[in-house]
Each structure stands twice: as structure tokens, then as C-alpha cells.
Amino acid sequence: ISYTSKQKTATQVTFPKESYEVLKDEENSFRAPTATLTDESGNAIEGASLEYSISENPFATIDSKTGVVSFITNPALGSATVTASYAGDNTYSEASASYTINYIAYKEYTSFKDIKIKAASGDKVRITLDKAKVVYAYTNSDSQIEAYVRNSDDTGDAICFYNTGLNIKQNDILDGTLKATYTIFNGLPELKECTNTEAIKVTTSKDAALPKEITLNDLTDNSCDLITVKGVLADV
């Protein structure tokens with residue numbers, strides 16, 4: 001008796017990305033990605049089913065058939081790995097792929113100065129704007145609004161708003177709780193990618209901001225602000 005062993009066709013399971021960030025209180029915005037199953041030539045395998053699983057975690061469960069992720073009540077922060085597995089059959093070999101969910105929260109700050117001292121670049125931050133003043137704004141070469149904003153309770157401390165999604169201009173007044181990403185670009189502290197632009201009230205004002213008078217020694221502490229430097233003699 002003789003027989004010929006048929007080698008199974010290799011398969012591949014893929015997700016669009018390797019990791020996803022989900023923010024506390026914004027869970028509804030997360031749409032779990034669907035895995036794709038293909039053969040070694042990149043062709044979809046019709047009729048094949050995948051099984052989804054999620055690692056032990058304190059915040060979510062998963063539908064094993066669809067891969068839909070559901071967040072539990074009162075979840076704790078943490079990370080989890082979602083895996084899609086194909087068991088294979090007589091023709092195709094088994095395969096699997098995973099992605100990571102990082103479930104994080106906004107860090108609360110009371111002032112721009114507090115953010116610049118304590119936050120790390122890439123942190124998700126939340127701060128209440130109370131009659132914050134746009135001391136200067138322009139549209140850059142990438143068609144993004146770049147604005148320098150001074151919060152009223154910061155005694156002149158300011159920060160750059162870059163690509164926040166807010167349609168703001170010089171002298172505008174901003175009120176509301178801002179959710180954004182803090183970054184440092186070329187040494188400049190920035191807030192960008194605001195996720196709740198609808199929560200920010202923008203009031204047009206004709207009153208220009210008054211410059212803050214500082215000395216040369218205070219320049220670093222007053223980046224992004226409108227200033228005048230005293231005690232400087234220019235030789236021209």
C-alpha cells in the first residue's frame with residue numbers, strides 16, 4: 001500500500017494594526033478590528049471561520065465569533081491581547097495573529113505650567129480652560145492652525161495648540177474642559193489632537209492680550225507666551 005502525502009497550503013491571519021489605545025470614558029469610540037485570513041498567495045479563504053479570544057484583563061470581554069470587544073462596568077486600566085485563530089482543515093494550515101489594547105485614562109492637570117512640569121510627551125491630558133486667551137495664531141504651511149494660548153489662572157503661563165481641530169484665531173477666548181495629547185516638538189510644549197472640540201466654547205474678542213514683562217532669565221519658563229523682555233540693551 002502506498003500513498004502520497006499532500007502538503008497543506010500555508011495561511012496567514014492579519015489585523016490592520018498591532019496595537020490600539022482606548023481612553024477611559026471614550027470606550028464607545030473603539031471599533032474592534034476584524035482579522036483577515038488569506039492563503040500564501042494573499043487570496044481570501046472563503047467559508048473559513050476564525051475564533052477570537054482575549055487575554056485576562058480588568059476591562060473587557062470579547063465575542064469569540066465576531067471579535068467584538070465589550071467594556072465591562074467600572075473597568076480598571078490595563079492592557080490586553082486579542083488573538084484571532086484559524087484551526088485549519090485538510091487543505092489549509094492553522095494560523096493566528098494578535099493585537100494589543102492599551103486601556104488608559106486622561107491625566108488631570110490644573111494649569112499649563114503643571115502640564116509642562118509633570119506630563120511626558122505623548123500623555124493624554126485633560127485641563128479646564130477658564131477664559132484662556134489666544135495671544136497669537138496663524139495657519140502654517142501644512143494648513144494647520146498653530147495657536148499660542150494663555151490660561152487666565154496661569155498668571156501668564158502659556159502653551160502651543162497645534163492641530164487641535166479647534167477653529168481659533170488671535171484674541172479668541174476659550175472656555176471648557178479640553179482633552180488632548182501633550183507633545184514636545186523641537187523643545188516646544190504642545191497640545192494637539194483634541195478629542196472633544198465640541199466641549200470648548202470659543203468667544204470672539206477684539207481685545208489684544210497684554211504682554212507679560214520678564215527678564216532674560218525667565219525666557220525658558222515663559223515659552224509660548226506673549227512677552228516683553230526688560231533690562232535688555234540692543235546694540236544696532
# chains A, B, ... in the order shown; residues from 1 in each chain; ligands from 1
call {"tool": "residues_around", "arguments": {"residues": "stretch 130-137 of chain A", "least_positions_apart": "5", "cutoff": "12 Å", "atoms": "only C-alpha atoms", "output": "MDAnalysis selection string"}}
result
chainID A and resid 110:112 144:163 166:178 200:212 224:227
call {"tool": "write_last_selection", "arguments": {"atoms": "N, CA and C atoms", "output": "compact mmCIF listing (two decimals), in the first residue's frame"}}
result
# COMPACT_ATOMS: atom_id res chain seq x y z
N THR A 110 -4.16 71.10 36.41
CA THR A 110 -4.85 72.33 36.78
C THR A 110 -4.32 73.55 36.04
N SER A 111 -3.17 73.43 35.38
CA SER A 111 -2.59 74.57 34.68
C SER A 111 -1.68 74.10 33.56
N PHE A 112 -1.41 74.96 32.61
CA PHE A 112 -0.44 74.65 31.56
C PHE A 112 0.94 74.43 32.18
N GLN A 144 -2.47 73.78 9.00
CA GLN A 144 -2.88 73.51 10.37
C GLN A 144 -2.82 74.81 11.18
N ILE A 145 -3.82 75.00 12.05
CA ILE A 145 -3.81 76.19 12.91
C ILE A 145 -2.85 75.96 14.07
N GLU A 146 -1.93 76.89 14.21
CA GLU A 146 -0.98 76.86 15.33
C GLU A 146 -1.25 78.10 16.18
N ALA A 147 -1.63 77.88 17.43
CA ALA A 147 -2.03 78.98 18.30
C ALA A 147 -1.27 78.92 19.62
N TYR A 148 -1.04 80.08 20.19
CA TYR A 148 -0.38 80.17 21.49
C TYR A 148 -1.39 80.71 22.49
N VAL A 149 -1.67 79.90 23.51
CA VAL A 149 -2.81 80.16 24.38
C VAL A 149 -2.35 80.34 25.82
N ARG A 150 -2.88 81.36 26.46
CA ARG A 150 -2.59 81.65 27.86
C ARG A 150 -3.85 81.43 28.69
N ASN A 151 -3.78 80.54 29.65
CA ASN A 151 -4.94 80.30 30.51
C ASN A 151 -5.01 81.39 31.58
N SER A 152 -6.21 81.85 31.89
CA SER A 152 -6.35 83.02 32.76
C SER A 152 -5.81 82.78 34.16
N ASP A 153 -5.90 81.53 34.66
CA ASP A 153 -5.45 81.27 36.03
C ASP A 153 -3.99 80.84 36.09
N ASP A 154 -3.28 81.00 34.96
CA ASP A 154 -1.88 80.58 34.90
C ASP A 154 -0.91 81.72 35.13
N THR A 155 -1.43 82.89 35.48
CA THR A 155 -0.61 84.09 35.68
C THR A 155 0.37 84.29 34.52
N GLY A 156 -0.14 84.06 33.31
CA GLY A 156 0.68 84.31 32.14
C GLY A 156 1.29 83.09 31.51
N ASP A 157 1.23 81.93 32.18
CA ASP A 157 1.82 80.73 31.59
C ASP A 157 1.00 80.32 30.37
N ALA A 158 1.69 79.84 29.31
CA ALA A 158 1.01 79.55 28.06
C ALA A 158 1.54 78.27 27.44
N ILE A 159 0.83 77.80 26.40
CA ILE A 159 1.23 76.59 25.71
C ILE A 159 0.77 76.70 24.25
N CYS A 160 1.38 75.91 23.38
CA CYS A 160 1.03 75.92 21.97
C CYS A 160 -0.11 74.93 21.71
N PHE A 161 -1.14 75.36 20.98
CA PHE A 161 -2.19 74.47 20.48
C PHE A 161 -1.87 74.19 19.02
N TYR A 162 -1.58 72.93 18.70
CA TYR A 162 -1.23 72.59 17.32
C TYR A 162 -2.14 71.47 16.80
N ASN A 163 -2.78 71.73 15.69
CA ASN A 163 -3.63 70.70 15.06
C ASN A 163 -4.62 70.12 16.07
N LEU A 166 -9.55 72.74 16.70
CA LEU A 166 -10.31 73.93 17.10
C LEU A 166 -10.09 75.03 16.06
N ASN A 167 -11.15 75.64 15.63
CA ASN A 167 -11.07 76.75 14.68
C ASN A 167 -10.93 78.04 15.47
N ILE A 168 -9.71 78.39 15.82
CA ILE A 168 -9.47 79.55 16.68
C ILE A 168 -8.55 80.54 16.00
N LYS A 169 -8.66 81.79 16.45
CA LYS A 169 -7.83 82.85 15.89
C LYS A 169 -7.34 83.76 17.01
N GLN A 170 -6.43 84.64 16.67
CA GLN A 170 -5.84 85.53 17.66
C GLN A 170 -6.91 86.34 18.39
N ASN A 171 -6.74 86.44 19.71
CA ASN A 171 -7.60 87.18 20.63
C ASN A 171 -8.86 86.42 21.07
N ASP A 172 -9.14 85.25 20.50
CA ASP A 172 -10.29 84.46 20.93
C ASP A 172 -10.16 84.06 22.40
N ILE A 173 -11.31 83.85 23.04
CA ILE A 173 -11.37 83.39 24.42
C ILE A 173 -11.91 81.96 24.43
N LEU A 174 -11.26 81.07 25.17
CA LEU A 174 -11.62 79.66 25.21
C LEU A 174 -12.06 79.26 26.61
N ASP A 175 -13.19 78.54 26.68
CA ASP A 175 -13.69 78.01 27.95
C ASP A 175 -14.12 76.56 27.76
N GLY A 176 -13.93 75.76 28.80
CA GLY A 176 -14.36 74.37 28.74
C GLY A 176 -13.23 73.42 29.11
N THR A 177 -13.58 72.14 29.23
CA THR A 177 -12.58 71.13 29.58
C THR A 177 -12.00 70.52 28.32
N LEU A 178 -10.71 70.70 28.15
CA LEU A 178 -10.00 70.24 26.96
C LEU A 178 -9.38 68.87 27.18
N ILE A 200 -15.54 72.82 23.84
CA ILE A 200 -14.82 74.08 24.03
C ILE A 200 -15.62 75.23 23.43
N LYS A 201 -15.96 76.20 24.28
CA LYS A 201 -16.66 77.40 23.82
C LYS A 201 -15.63 78.42 23.35
N VAL A 202 -15.78 78.89 22.12
CA VAL A 202 -14.86 79.87 21.54
C VAL A 202 -15.61 81.19 21.40
N THR A 203 -15.09 82.22 22.06
CA THR A 203 -15.71 83.55 22.01
C THR A 203 -14.78 84.52 21.32
N THR A 204 -15.31 85.19 20.30
CA THR A 204 -14.51 86.18 19.58
C THR A 204 -14.29 87.42 20.44
N SER A 205 -13.08 87.92 20.42
CA SER A 205 -12.75 89.13 21.18
C SER A 205 -11.88 90.05 20.34
N LYS A 206 -12.09 91.35 20.50
CA LYS A 206 -11.25 92.34 19.83
C LYS A 206 -10.11 92.82 20.72
N ASP A 207 -10.13 92.40 21.98
CA ASP A 207 -9.13 92.85 22.93
C ASP A 207 -7.85 92.03 22.79
N ALA A 208 -6.78 92.70 22.49
CA ALA A 208 -5.50 92.01 22.36
C ALA A 208 -4.94 91.66 23.74
N ALA A 209 -4.21 90.55 23.79
CA ALA A 209 -3.57 90.15 25.04
C ALA A 209 -2.44 91.12 25.39
N LEU A 210 -2.27 91.36 26.67
CA LEU A 210 -1.17 92.21 27.12
C LEU A 210 0.08 91.35 27.30
N PRO A 211 1.22 91.83 26.85
CA PRO A 211 2.45 91.04 27.02
C PRO A 211 2.87 90.97 28.48
N LYS A 212 3.48 89.87 28.83
CA LYS A 212 3.99 89.67 30.18
C LYS A 212 5.43 90.18 30.22
N CYS A 224 6.05 80.09 24.63
CA CYS A 224 4.69 80.12 24.06
C CYS A 224 3.87 81.33 24.48
N ASP A 225 4.40 82.18 25.37
CA ASP A 225 3.63 83.32 25.83
C ASP A 225 4.01 84.59 25.07
N LEU A 226 3.15 85.59 25.18
CA LEU A 226 3.43 86.91 24.63
C LEU A 226 4.17 87.70 25.69
N ILE A 227 5.37 88.16 25.38
CA ILE A 227 6.23 88.76 26.41
C ILE A 227 6.91 90.03 25.91
call {"tool": "residues_around", "arguments": {"residues": "A:Ala44", "least_positions_apart": "6", "cutoff": "10 Å", "atoms": "only C-alpha atoms", "output": "ChimeraX atom specification"}}
result
/A:11-12,36-38
call {"tool": "select_by_dssp", "arguments": {"residues": "chain A", "states": "alpha helix (DSSP H)", "output": "PyMOL selection string"}}
result
chain A and resi 112-118
call {"tool": "write_last_selection", "arguments": {"atoms": "N, CA and C atoms", "output": "PDB file, in the first residue's frame"}}
result
ATOM      1  N   PHE A 112      -1.412  74.964  32.612  1.00  0.00           N
ATOM      2  CA  PHE A 112      -0.443  74.649  31.562  1.00  0.00           C
ATOM      3  C   PHE A 112       0.940  74.425  32.176  1.00  0.00           C
ATOM      4  N   LYS A 113       1.249  75.214  33.183  1.00  0.00           N
ATOM      5  CA  LYS A 113       2.545  75.067  33.848  1.00  0.00           C
ATOM      6  C   LYS A 113       2.683  73.679  34.462  1.00  0.00           C
ATOM      7  N   ASP A 114       1.600  73.198  35.064  1.00  0.00           N
ATOM      8  CA  ASP A 114       1.586  71.866  35.652  1.00  0.00           C
ATOM      9  C   ASP A 114       1.825  70.795  34.591  1.00  0.00           C
ATOM     10  N   ILE A 115       1.202  70.968  33.442  1.00  0.00           N
ATOM     11  CA  ILE A 115       1.401  70.019  32.337  1.00  0.00           C
ATOM     12  C   ILE A 115       2.862  70.002  31.908  1.00  0.00           C
ATOM     13  N   LYS A 116       3.434  71.182  31.719  1.00  0.00           N
ATOM     14  CA  LYS A 116       4.815  71.267  31.217  1.00  0.00           C
ATOM     15  C   LYS A 116       5.828  70.699  32.210  1.00  0.00           C
ATOM     16  N   ILE A 117       5.496  70.754  33.495  1.00  0.00           N
ATOM     17  CA  ILE A 117       6.411  70.237  34.515  1.00  0.00           C
ATOM     18  C   ILE A 117       6.265  68.730  34.692  1.00  0.00           C
ATOM     19  N   LYS A 118       5.018  68.247  34.684  1.00  0.00           N
ATOM     20  CA  LYS A 118       4.768  66.869  35.106  1.00  0.00           C
ATOM     21  C   LYS A 118       4.462  65.876  33.979  1.00  0.00           C
TER      22      LYS A 118
END
call {"tool": "atom_distance", "arguments": {"atom1": "atom CA of A:Ala84", "atom2": "atom CA of A:Ala32"}}
result
11.8 Å
call {"tool": "select_by_dssp", "arguments": {"residues": "stretch 29-173 of chain A", "states": "strand (DSSP E or B)", "output": "PyMOL selection string"}}
result
chain A and resi 36-39+44+51-54+60-62+69-71+78-86+92+95-104+107-109+124-139+145-150+158-162+173
call {"tool": "closest_residue", "arguments": {"among": "A:Lys179, A:Glu26, A:Thr81, A:Ser41", "to": "A:Tyr109", "atoms": "only C-alpha atoms"}}
result
A:Lys179
call {"tool": "closest_residue", "arguments": {"among": "A:Asn90, A:Gly231, A:Thr83, A:Ala120", "to": "A:Lys107", "atoms": "only C-alpha atoms"}}
result
A:Ala120
call {"tool": "residues_around", "arguments": {"residues": "stretch 5-10 of chain A", "least_positions_apart": "2", "cutoff": "7 Å", "atoms": "only C-alpha atoms", "output": "JSON, numbers by chain"}}
result
{"A": [3, 39, 40, 91, 92, 93]}
call {"tool": "write_last_selection", "arguments": {"atoms": "N, CA, C and O atoms", "output": "CSV table (one decimal), in the first residue's frame"}}
result
chain,number,residue,atom,x,y,z
A,3,TYR,N,0.9,5.7,-0.5
A,3,TYR,CA,0.0,6.9,-0.6
A,3,TYR,C,0.9,8.1,-0.7
A,3,TYR,O,2.1,8.0,-0.4
A,39,ASP,N,-4.6,32.9,2.0
A,39,ASP,CA,-3.6,31.8,1.7
A,39,ASP,C,-2.3,32.4,1.4
A,39,ASP,O,-2.1,33.6,1.5
A,40,GLU,N,-1.3,31.6,1.0
A,40,GLU,CA,0.0,32.0,0.8
A,40,GLU,C,0.2,33.0,-0.3
A,40,GLU,O,1.2,33.7,-0.5
A,91,THR,N,-7.1,21.1,3.9
A,91,THR,CA,-6.4,21.8,2.8
A,91,THR,C,-5.5,22.9,3.3
A,91,THR,O,-4.4,23.1,2.8
A,92,TYR,N,-5.9,23.6,4.3
A,92,TYR,CA,-5.1,24.8,4.8
A,92,TYR,C,-4.6,24.6,6.2
A,92,TYR,O,-5.2,23.9,7.0
A,93,SER,N,-3.4,25.2,6.4
A,93,SER,CA,-2.7,25.0,7.7
A,93,SER,C,-3.3,26.1,8.7
A,93,SER,O,-3.9,27.0,8.3
call {"tool": "residues_around", "arguments": {"residues": "A:Ile214", "least_positions_apart": "3", "cutoff": "7 Å", "atoms": "only C-alpha atoms", "output": "number ranges by chain"}}
result
A: 218, 227-230
call {"tool": "atom_distance", "arguments": {"atom1": "atom CA of A:Gly88", "atom2": "atom CA of A:Thr61"}}
result
24.9 Å
call {"tool": "residues_around", "arguments": {"residues": "stretch 51-58 of chain A", "least_positions_apart": "4", "cutoff": "8 Å", "atoms": "only C-alpha atoms", "output": "list in words"}}
result
Ile62, Asp63, Ser64, Lys65, Thr66, Gly67, Pro75, Ala76, Leu77, Gly78, Ser79, Ala80, Thr81, Val82, Thr83, Ala84, Ser85 and Tyr86 of chain A
call {"tool": "write_last_selection", "arguments": {"atoms": "all heavy atoms", "output": "CSV table (one decimal), in the first residue's frame"}}
result
chain,number,residue,atom,x,y,z
A,62,ILE,N,-14.8,39.6,25.0
A,62,ILE,CA,-14.8,39.5,23.6
A,62,ILE,C,-15.8,38.5,23.1
A,62,ILE,O,-16.1,37.5,23.8
A,62,ILE,CB,-13.4,39.2,23.0
A,62,ILE,CG1,-13.3,39.6,21.5
A,62,ILE,CG2,-13.0,37.8,23.3
A,62,ILE,CD1,-11.9,39.6,21.0
A,63,ASP,N,-16.4,38.7,21.9
A,63,ASP,CA,-17.3,37.7,21.3
A,63,ASP,C,-16.4,36.8,20.5
A,63,ASP,O,-15.7,37.3,19.6
A,63,ASP,CB,-18.3,38.5,20.4
A,63,ASP,CG,-19.3,37.5,19.8
A,63,ASP,OD1,-18.9,36.5,19.1
A,63,ASP,OD2,-20.5,37.8,19.9
A,64,SER,N,-16.4,35.6,20.8
A,64,SER,CA,-15.4,34.6,20.2
A,64,SER,C,-15.7,34.4,18.7
A,64,SER,O,-14.7,34.0,17.9
A,64,SER,CB,-15.5,33.3,20.9
A,64,SER,OG,-16.8,32.7,20.7
A,65,LYS,N,-16.9,34.7,18.2
A,65,LYS,CA,-17.2,34.6,16.8
A,65,LYS,C,-16.9,35.8,15.9
A,65,LYS,O,-16.5,35.7,14.8
A,65,LYS,CB,-18.6,34.1,16.6
A,65,LYS,CG,-18.9,32.8,17.3
A,65,LYS,CD,-18.0,31.6,16.8
A,65,LYS,CE,-18.4,30.3,17.5
A,65,LYS,NZ,-17.4,29.2,17.1
A,66,THR,N,-17.3,37.0,16.5
A,66,THR,CA,-17.2,38.2,15.7
A,66,THR,C,-16.0,39.1,16.1
A,66,THR,O,-15.6,39.9,15.3
A,66,THR,CB,-18.4,39.1,16.0
A,66,THR,OG1,-18.5,39.5,17.3
A,66,THR,CG2,-19.7,38.3,15.6
A,67,GLY,N,-15.4,38.9,17.2
A,67,GLY,CA,-14.2,39.7,17.7
A,67,GLY,C,-14.6,41.0,18.3
A,67,GLY,O,-13.8,41.8,18.6
A,75,PRO,N,-14.6,49.5,34.7
A,75,PRO,CA,-13.4,48.8,34.3
A,75,PRO,C,-12.2,49.5,34.9
A,75,PRO,O,-12.1,50.7,35.2
A,75,PRO,CB,-13.3,49.0,32.8
A,75,PRO,CG,-14.1,50.3,32.5
A,75,PRO,CD,-15.2,50.3,33.5
A,76,ALA,N,-11.1,48.7,35.1
A,76,ALA,CA,-9.8,49.2,35.6
A,76,ALA,C,-8.9,49.3,34.4
A,76,ALA,O,-9.1,48.7,33.3
A,76,ALA,CB,-9.2,48.2,36.6
A,77,LEU,N,-7.9,50.2,34.5
A,77,LEU,CA,-7.0,50.4,33.4
A,77,LEU,C,-6.0,49.2,33.3
A,77,LEU,O,-5.8,48.4,34.2
A,77,LEU,CB,-6.1,51.6,33.7
A,77,LEU,CG,-6.9,52.9,33.9
A,77,LEU,CD1,-6.0,54.1,34.2
A,77,LEU,CD2,-7.8,53.2,32.7
A,78,GLY,N,-5.5,49.0,32.1
A,78,GLY,CA,-4.6,47.9,31.8
A,78,GLY,C,-4.4,47.6,30.3
A,78,GLY,O,-4.8,48.4,29.5
A,79,SER,N,-3.8,46.5,30.0
A,79,SER,CA,-3.6,46.1,28.7
A,79,SER,C,-4.1,44.7,28.5
A,79,SER,O,-4.2,43.9,29.4
A,79,SER,CB,-2.1,46.1,28.3
A,79,SER,OG,-1.6,47.4,28.4
A,80,ALA,N,-4.5,44.3,27.2
A,80,ALA,CA,-5.0,43.0,26.9
A,80,ALA,C,-4.6,42.7,25.5
A,80,ALA,O,-4.4,43.6,24.6
A,80,ALA,CB,-6.5,42.9,27.0
A,81,THR,N,-4.4,41.4,25.2
A,81,THR,CA,-4.0,40.9,23.9
A,81,THR,C,-5.2,40.2,23.3
A,81,THR,O,-5.8,39.2,23.9
A,81,THR,CB,-2.8,40.0,23.9
A,81,THR,OG1,-1.7,40.7,24.5
A,81,THR,CG2,-2.5,39.5,22.5
A,82,VAL,N,-5.6,40.6,22.1
A,82,VAL,CA,-6.7,39.9,21.4
A,82,VAL,C,-6.1,39.0,20.3
A,82,VAL,O,-5.2,39.5,19.5
A,82,VAL,CB,-7.7,40.9,20.8
A,82,VAL,CG1,-8.7,40.2,19.8
A,82,VAL,CG2,-8.4,41.7,21.8
A,83,THR,N,-6.5,37.8,20.2
A,83,THR,CA,-6.0,36.8,19.3
A,83,THR,C,-7.1,36.3,18.4
A,83,THR,O,-8.1,35.9,18.9
A,83,THR,CB,-5.2,35.7,20.0
A,83,THR,OG1,-4.2,36.2,20.8
A,83,THR,CG2,-4.6,34.7,19.0
A,84,ALA,N,-6.8,36.2,17.1
A,84,ALA,CA,-7.7,35.6,16.2
A,84,ALA,C,-7.0,34.3,15.7
A,84,ALA,O,-5.9,34.4,15.2
A,84,ALA,CB,-8.0,36.5,15.0
A,85,SER,N,-7.7,33.2,15.8
A,85,SER,CA,-7.1,31.9,15.4
A,85,SER,C,-7.9,31.2,14.4
A,85,SER,O,-9.1,31.1,14.4
A,85,SER,CB,-7.0,31.0,16.7
A,85,SER,OG,-6.2,31.6,17.7
A,86,TYR,N,-7.1,30.6,13.4
A,86,TYR,CA,-7.7,29.7,12.4
A,86,TYR,C,-7.2,28.3,12.6
A,86,TYR,O,-6.0,28.0,12.7
A,86,TYR,CB,-7.4,30.2,11.0
A,86,TYR,CG,-7.8,29.2,9.9
A,86,TYR,CD1,-9.1,28.9,9.7
A,86,TYR,CD2,-6.9,28.7,9.0
A,86,TYR,CE1,-9.5,28.1,8.7
A,86,TYR,CE2,-7.3,27.8,8.0
A,86,TYR,CZ,-8.6,27.5,7.8
A,86,TYR,OH,-9.0,26.7,6.8
call {"tool": "atom_distance", "arguments": {"atom1": "atom CA of A:Gly187", "atom2": "atom CA of A:Gly122"}}
result
13.8 Å
call {"tool": "decode", "arguments": {"residues": "stretch 189-212 of chain A", "atoms": "N, CA, C and O atoms", "output": "PDB file, in the first residue's frame"}}
result
ATOM      1  N   PRO A 189       6.491  72.979  23.974  1.00  0.00           N
ATOM      2  CA  PRO A 189       5.380  72.201  24.532  1.00  0.00           C
ATOM      3  C   PRO A 189       4.095  72.451  23.749  1.00  0.00           C
ATOM      4  O   PRO A 189       3.729  73.598  23.489  1.00  0.00           O
ATOM      5  N   GLU A 190       3.416  71.369  23.373  1.00  0.00           N
ATOM      6  CA  GLU A 190       2.223  71.488  22.540  1.00  0.00           C
ATOM      7  C   GLU A 190       1.075  70.636  23.073  1.00  0.00           C
ATOM      8  O   GLU A 190       1.287  69.559  23.632  1.00  0.00           O
ATOM      9  N   LEU A 191      -0.138  71.110  22.852  1.00  0.00           N
ATOM     10  CA  LEU A 191      -1.329  70.301  22.991  1.00  0.00           C
ATOM     11  C   LEU A 191      -1.899  70.109  21.598  1.00  0.00           C
ATOM     12  O   LEU A 191      -2.068  71.068  20.845  1.00  0.00           O
ATOM     13  N   LYS A 192      -2.200  68.856  21.234  1.00  0.00           N
ATOM     14  CA  LYS A 192      -2.668  68.575  19.882  1.00  0.00           C
ATOM     15  C   LYS A 192      -3.743  67.488  19.917  1.00  0.00           C
ATOM     16  O   LYS A 192      -3.953  66.844  20.942  1.00  0.00           O
ATOM     17  N   GLU A 193      -4.418  67.316  18.785  1.00  0.00           N
ATOM     18  CA  GLU A 193      -5.398  66.240  18.608  1.00  0.00           C
ATOM     19  C   GLU A 193      -6.454  66.252  19.716  1.00  0.00           C
ATOM     20  O   GLU A 193      -6.665  65.256  20.403  1.00  0.00           O
ATOM     21  N   CYS A 194      -7.116  67.375  19.862  1.00  0.00           N
ATOM     22  CA  CYS A 194      -8.214  67.487  20.830  1.00  0.00           C
ATOM     23  C   CYS A 194      -9.332  66.527  20.433  1.00  0.00           C
ATOM     24  O   CYS A 194      -9.747  66.485  19.274  1.00  0.00           O
ATOM     25  N   THR A 195      -9.826  65.748  21.406  1.00  0.00           N
ATOM     26  CA  THR A 195     -10.855  64.749  21.110  1.00  0.00           C
ATOM     27  C   THR A 195     -12.264  65.222  21.465  1.00  0.00           C
ATOM     28  O   THR A 195     -13.229  64.485  21.254  1.00  0.00           O
ATOM     29  N   ASN A 196     -12.388  66.433  21.992  1.00  0.00           N
ATOM     30  CA  ASN A 196     -13.716  66.926  22.376  1.00  0.00           C
ATOM     31  C   ASN A 196     -13.873  68.400  22.015  1.00  0.00           C
ATOM     32  O   ASN A 196     -14.232  69.232  22.853  1.00  0.00           O
ATOM     33  N   THR A 197     -13.622  68.736  20.770  1.00  0.00           N
ATOM     34  CA  THR A 197     -13.698  70.138  20.330  1.00  0.00           C
ATOM     35  C   THR A 197     -15.068  70.738  20.606  1.00  0.00           C
ATOM     36  O   THR A 197     -15.195  71.940  20.845  1.00  0.00           O
ATOM     37  N   GLU A 198     -16.109  69.889  20.578  1.00  0.00           N
ATOM     38  CA  GLU A 198     -17.458  70.398  20.799  1.00  0.00           C
ATOM     39  C   GLU A 198     -17.666  70.907  22.224  1.00  0.00           C
ATOM     40  O   GLU A 198     -18.611  71.667  22.495  1.00  0.00           O
ATOM     41  N   ALA A 199     -16.779  70.532  23.145  1.00  0.00           N
ATOM     42  CA  ALA A 199     -16.915  70.944  24.545  1.00  0.00           C
ATOM     43  C   ALA A 199     -16.243  72.286  24.818  1.00  0.00           C
ATOM     44  O   ALA A 199     -16.359  72.813  25.930  1.00  0.00           O
ATOM     45  N   ILE A 200     -15.542  72.818  23.837  1.00  0.00           N
ATOM     46  CA  ILE A 200     -14.818  74.077  24.027  1.00  0.00           C
ATOM     47  C   ILE A 200     -15.617  75.234  23.433  1.00  0.00           C
ATOM     48  O   ILE A 200     -15.928  75.250  22.240  1.00  0.00           O
ATOM     49  N   LYS A 201     -15.957  76.196  24.276  1.00  0.00           N
ATOM     50  CA  LYS A 201     -16.657  77.397  23.824  1.00  0.00           C
ATOM     51  C   LYS A 201     -15.627  78.422  23.354  1.00  0.00           C
ATOM     52  O   LYS A 201     -14.710  78.786  24.101  1.00  0.00           O
ATOM     53  N   VAL A 202     -15.779  78.891  22.121  1.00  0.00           N
ATOM     54  CA  VAL A 202     -14.864  79.873  21.542  1.00  0.00           C
ATOM     55  C   VAL A 202     -15.610  81.188  21.398  1.00  0.00           C
ATOM     56  O   VAL A 202     -16.630  81.273  20.713  1.00  0.00           O
ATOM     57  N   THR A 203     -15.092  82.223  22.060  1.00  0.00           N
ATOM     58  CA  THR A 203     -15.710  83.546  22.015  1.00  0.00           C
ATOM     59  C   THR A 203     -14.779  84.517  21.315  1.00  0.00           C
ATOM     60  O   THR A 203     -13.605  84.642  21.683  1.00  0.00           O
ATOM     61  N   THR A 204     -15.307  85.194  20.303  1.00  0.00           N
ATOM     62  CA  THR A 204     -14.508  86.180  19.582  1.00  0.00           C
ATOM     63  C   THR A 204     -14.292  87.423  20.442  1.00  0.00           C
ATOM     64  O   THR A 204     -15.206  87.885  21.125  1.00  0.00           O
ATOM     65  N   SER A 205     -13.076  87.919  20.417  1.00  0.00           N
ATOM     66  CA  SER A 205     -12.751  89.128  21.183  1.00  0.00           C
ATOM     67  C   SER A 205     -11.876  90.053  20.337  1.00  0.00           C
ATOM     68  O   SER A 205     -11.049  89.593  19.549  1.00  0.00           O
ATOM     69  N   LYS A 206     -12.085  91.350  20.504  1.00  0.00           N
ATOM     70  CA  LYS A 206     -11.249  92.340  19.827  1.00  0.00           C
ATOM     71  C   LYS A 206     -10.110  92.823  20.716  1.00  0.00           C
ATOM     72  O   LYS A 206      -9.238  93.574  20.267  1.00  0.00           O
ATOM     73  N   ASP A 207     -10.133  92.402  21.980  1.00  0.00           N
ATOM     74  CA  ASP A 207      -9.130  92.855  22.935  1.00  0.00           C
ATOM     75  C   ASP A 207      -7.852  92.034  22.795  1.00  0.00           C
ATOM     76  O   ASP A 207      -7.861  90.812  22.974  1.00  0.00           O
ATOM     77  N   ALA A 208      -6.780  92.697  22.492  1.00  0.00           N
ATOM     78  CA  ALA A 208      -5.498  92.012  22.361  1.00  0.00           C
ATOM     79  C   ALA A 208      -4.936  91.657  23.736  1.00  0.00           C
ATOM     80  O   ALA A 208      -5.175  92.369  24.715  1.00  0.00           O
ATOM     81  N   ALA A 209      -4.208  90.555  23.790  1.00  0.00           N
ATOM     82  CA  ALA A 209      -3.567  90.155  25.044  1.00  0.00           C
ATOM     83  C   ALA A 209      -2.442  91.123  25.387  1.00  0.00           C
ATOM     84  O   ALA A 209      -1.746  91.627  24.503  1.00  0.00           O
ATOM     85  N   LEU A 210      -2.274  91.362  26.675  1.00  0.00           N
ATOM     86  CA  LEU A 210      -1.174  92.210  27.119  1.00  0.00           C
ATOM     87  C   LEU A 210       0.076  91.355  27.302  1.00  0.00           C
ATOM     88  O   LEU A 210       0.005  90.252  27.853  1.00  0.00           O
ATOM     89  N   PRO A 211       1.224  91.835  26.849  1.00  0.00           N
ATOM     90  CA  PRO A 211       2.446  91.043  27.020  1.00  0.00           C
ATOM     91  C   PRO A 211       2.869  90.969  28.480  1.00  0.00           C
ATOM     92  O   PRO A 211       2.622  91.892  29.264  1.00  0.00           O
ATOM     93  N   LYS A 212       3.478  89.866  28.830  1.00  0.00           N
ATOM     94  CA  LYS A 212       3.995  89.672  30.183  1.00  0.00           C
ATOM     95  C   LYS A 212       5.429  90.183  30.217  1.00  0.00           C
ATOM     96  O   LYS A 212       6.255  89.799  29.390  1.00  0.00           O
TER      97      LYS A 212
END
